[in-house]
Amino acid sequence: MRRLTGESRSNLPRFYYSEFDHEISPTWSPDGEDLIFVSNRGHIYGTGGFWRMKVEPGSEKHEIHYEETAWKARPDFSPDGKRIVYASYLGSQWHQLWVMPSEGGDPFPISYGDFDNTNPRWSPDGTRIAFISNRSGNTSLWVQELLGGAQSPVVAKERRYLKAMGHLSITVLDPLGRPTPARVSVTGEDGRAYAPDEAWMHAEDNFVRSESTFESHYFHTAGEAELTVPEGRIQVEVTKGFEYQVARETVSCGPRARLVIHLKPLKIPRDAQSQWASADLHVHMNYGGAYRNTPTNLVAQQAAENLFLVENLVVNKEQRIPDIAYFRTTPDPASNPNHWLLHGQEFHTSYWGHLGLLNLTQNFLLPDYTAYGNTAASSLFPTNAVVADLAHQQQALVGYAHPFDIVVDPASDPTLTHGEPLDEALELPVDVALGKVDYIEVLGFSDHRMTASVWYRLLNCGFRLPAGAGSDTMANYASLRGPVGLTRVYASIPKDVIGTAPWFDSLKQGRTFATNGPVLGFTLGGKTVGGELKLPVGENKVMFTAWLRSFVPVDHLELVCNGRVVRDLKPTGDRQSADENGAISISQTGWCVLRASSDKPEHPVFDDYVYATTSPIYVSVEGSVLKPAGDAAFFISWIDRLVEATKASRSWNTTAERVSVLQMLDQARQVYVSLLK
């Protein structure tokens with residue numbers, strides 16, 4: 001074994017990719033003298049272009065073609081060594097097969113379609129190309145004739161198993177005895193996962209090898225599933241969102257076996273006039289995964305995860321916007337009265353933080369990103385505040401997505417991101433001060449506790465910021481931040497509601513709780529979440545109610561006021577339920593939330609740890625004013641760092657852009673300065 005290339009570190013401001021250049025997908029030339037590989041050397045975005053070199057350590061390598069490829073390019077030499085076939089999305093939203101000269105030159109496509117054709121490989125005689133296609137939604141193997149272009153699927157007519165196999169039939173029933181959609185996990189005695197032939201198999205990406213031999217696998221079913229499994233003991237696990245107990249059964253499977261799973265609901269306190277309806281505000285239907293998702297299939301995933309509402313946030317993936325053809329300003333036709341699918345937008349920026357734009361009523365906002373170095377969109381303008389104004393002109397709701405994965409320390413960290421080009425919500429305190437933000441993903445593809453630490457500071461400053469949640473699930477991947485609804489937000493809406501308008505009104509009013517498992521209920525002085533409790537001057541004994549229901553154990557249940565734990569309610573027994581009534585002393589204006597969490601992951605919650613929080617109940621005590629000097633000073637330092645970066649930037653298109661950003665930052669800064677008094 002000989003190493004052919006050395007390690008090189010780049011100083012380019014890469015957003016998603018490592019500071020170290022990579023060399024991936026190497027392919028031998030037919031004569032064994034050369035290699036072609038994909039490298040991002042010298043480039044900011046994508047996995048890079050095609051490079052060629054002699055198979056000799058230290059030999060010169062040169063780039064023969066560049067485009068902003070994704071991980072699917074996978075070039076392959078023709079048998080005569082004169083051509084390369086590869087997968088590219090150049091000029092479109094989907095990968096197709098392209099061919100170019102192996103010494104470099106202009107490529108052209110040899111396949112077409114609104115689906116992915118990837119992983120091409122030449123036949124030994126050079127007359128055909130085999131590839132993987134997801135035109136049916138699932139992955140399948142195909143062959144294309146080079147001359148004429150005829151394509152045909154490769155179908156397995158017979159399967160020869162290495163061990164005795166049986167047939168397992170699974171039926172999932174709701175409490176009324178009707179087949180119901182659900183998420184199902186099936187594991188054999190060999191520790192391997194099994195699924196129906198036509199199902200999309202998904203796997204947990206938060207996998208810790210020291211805790212289990214294989215990562216958890218699952219598929220979604222409409223209620224009936226037929227599987228081929230090894231004979232012997234088969235373990236089956238079924239979940240349906242957060243409002244049902246996890247069902248686990250073991251069945252001994254011979255040549256044939258049948259299993260009926262009866263789902264049992266959690267005993268959640270119900271109100272006669274209203275109901276809690278859950279939503280995932282941040283899903284990507286298609287985002288570069290192996291499968292090809294559709295609205296109909298996404299609604300089926302949504303139903304299996306027991307979600308009332310899903311927002312498919314259409315967004316760029318490299319230079320393309322995969323779901324742009326699905327964007328619309330009304331609910332998707334695949335929706336039904338119990339499961340609504342809407343197509344919103346995630347506005348990407350490499351600096352200010354990502355925005356969720358929900359319910360745009362006119363058009364998709366372009367360009368879909370800003371602050372992208374080495375492009376015509378490299379300017380720090382438009383800021384998220386400008387984008388929020390454009391969205392609000394369309395009556396949309398604006399929220400911050402996956403806010404924080406790091407501790408922001410403006411006093412000692414000039415970059416605010418420890419020097420890394422991360423997608424932290426750097427403009428959040430600015431936009432909250434300016435009244436641009438309707439909600440925050442308190443739970444998202446980020447660290448929930450780090451996000452809460454900033455959220456609490458903003459609440460301490462007197463801003464009313466509702467709790468939202470979005471999983472950032474890429475729903476067409478086999479394994480990436482899933483499933484749909486991994487983190488979700490519940491909103492209180494009237495019973496028998498039709499449509500989504502009441503749900504979004506509740507989100508904006510803060511009648512919500514966000515969670516990746518526990519279901520919460522909280523009142524304070526008779527007020528529910530999102531409400532305001534007004535108290536007389538002095539010390540007040542205020543009654544509260546708090547309840548918890550969870551399909552996984554919970555370590556902590558805490559009442560938090562003004563950022564401090566004022567009552568530790570300590571779940572007991574199986575740690576999956578609690579009902580508490582009591583009183584707390586309140587003498588200061590502020591806010592209170594109910595919070596639940598665990599110290600580690602709890603299967604089947606595929607997240608770093610279990611976490612849930614209500615939106616605040618706001619408290620106004622007569623004669624008491626907020627005293628957020630410490631928190632205000634924290635955000636002033638934060639904004640000062642943004643001002644420094646703005647002044648240092650050389651990427652402006654016009655001087656007016658720079659001036660407008662500095663004016664916006666100063667306006668927000670003055671809001672926090674006023675809180676120091």
# chains A, B, ... in the order shown; residues from 1 in each chain; ligands from 1
call {"tool": "residues_around", "arguments": {"residues": "Leu524 in chain A", "least_positions_apart": "5", "cutoff": "9 Å", "atoms": "only C-alpha atoms", "output": "ChimeraX atom specification"}}
result
/A:529,533,542-546,583,592,617
call {"tool": "select_by_dssp", "arguments": {"residues": "range 476-638 of chain A", "states": "strand (DSSP E or B)", "output": "NGL selection string"}}
result
:A and (488-494 or 512-515 or 519-524 or 527-528 or 532-535 or 540-549 or 556-561 or 564-568 or 577-586 or 590-597 or 611-614 or 617-621)
call {"tool": "residues_around", "arguments": {"residues": "Pro13 in chain A", "least_positions_apart": "6", "cutoff": "9 Å", "atoms": "only C-alpha atoms", "output": "ChimeraX atom specification"}}
result
/A:19,44,373,420-421
call {"tool": "write_last_selection", "arguments": {"atoms": "C-alpha atoms", "output": "JSON list (two decimals), in the first residue's frame"}}
result
[["chain", "number", "residue", "atom", "x", "y", "z"],
["A", 19, "GLU", "CA", -10.76, 23.07, 5.99],
["A", 44, "ILE", "CA", -15.21, 26.73, -1.52],
["A", 373, "GLY", "CA", -18.05, 33.99, -0.69],
["A", 420, "GLU", "CA", -15.37, 28.34, 12.37],
["A", 421, "PRO", "CA", -17.71, 29.15, 9.44]]
call {"tool": "residues_around", "arguments": {"residues": "Thr47 in chain A", "least_positions_apart": "4", "cutoff": "10 Å", "atoms": "only C-alpha atoms", "output": "PyMOL selection string"}}
result
chain A and resi 16-17+21-24+38-41+43+67-73+318
call {"tool": "residues_around", "arguments": {"residues": "Phe219 in chain A", "least_positions_apart": "5", "cutoff": "7 Å", "atoms": "only C-alpha atoms", "output": "ChimeraX atom specification"}}
result
/A:183-185,195,199-202
call {"tool": "atom_distance", "arguments": {"atom1": "CA of Leu4 in chain A", "atom2": "CA of Glu56 in chain A"}}
result
6.4 Å
call {"tool": "residues_around", "arguments": {"residues": "Ala514 in chain A", "least_positions_apart": "4", "cutoff": "10 Å", "atoms": "only C-alpha atoms", "output": "list in words"}}
result
Ser278, Ala279, Asp280, Glu441, Val442, Leu443, Gly444, Pro466, Ala467, Gly468, Ala469, Gly470, Thr487, Arg488, Val489, Tyr490, Ala491, Pro518, Val519, Leu520, Arg595, Tyr611, Ala612, Thr613, Thr614 and Ser615 of chain A
call {"tool": "closest_residue", "arguments": {"among": "A:Arg464, A:Lys627, A:Lys541, A:His343", "to": "Ser674 in chain A", "atoms": "only C-alpha atoms"}}
result
A:Lys627
call {"tool": "closest_residue", "arguments": {"among": "A:Thr383, A:Asn134, A:Gln93, A:Ser506", "to": "Ser492 in chain A", "atoms": "only C-alpha atoms"}}
result
A:Ser506
call {"tool": "closest_residue", "arguments": {"among": "A:Arg457, A:Pro181, A:Gly499, A:Ala411", "to": "Ser637 in chain A", "atoms": "only C-alpha atoms"}}
result
A:Ala411
call {"tool": "residues_around", "arguments": {"residues": "Arg233 in chain A", "least_positions_apart": "3", "cutoff": "9 Å", "atoms": "only C-alpha atoms", "output": "ChimeraX atom specification"}}
result
/A:187-189,230,250-253
call {"tool": "write_last_selection", "arguments": {"atoms": "C-alpha atoms", "output": "compact mmCIF listing (two decimals), in the first residue's frame"}}
result
# COMPACT_ATOMS: atom_id res chain seq x y z
CA THR A 187 -34.77 -6.99 13.86
CA GLY A 188 -33.79 -10.64 13.44
CA GLU A 189 -31.74 -12.89 15.74
CA PRO A 230 -34.92 -15.13 8.93
CA THR A 250 -41.23 -10.66 19.95
CA VAL A 251 -42.56 -13.27 17.57
CA SER A 252 -41.19 -16.69 16.67
CA CYS A 253 -41.21 -16.86 12.89
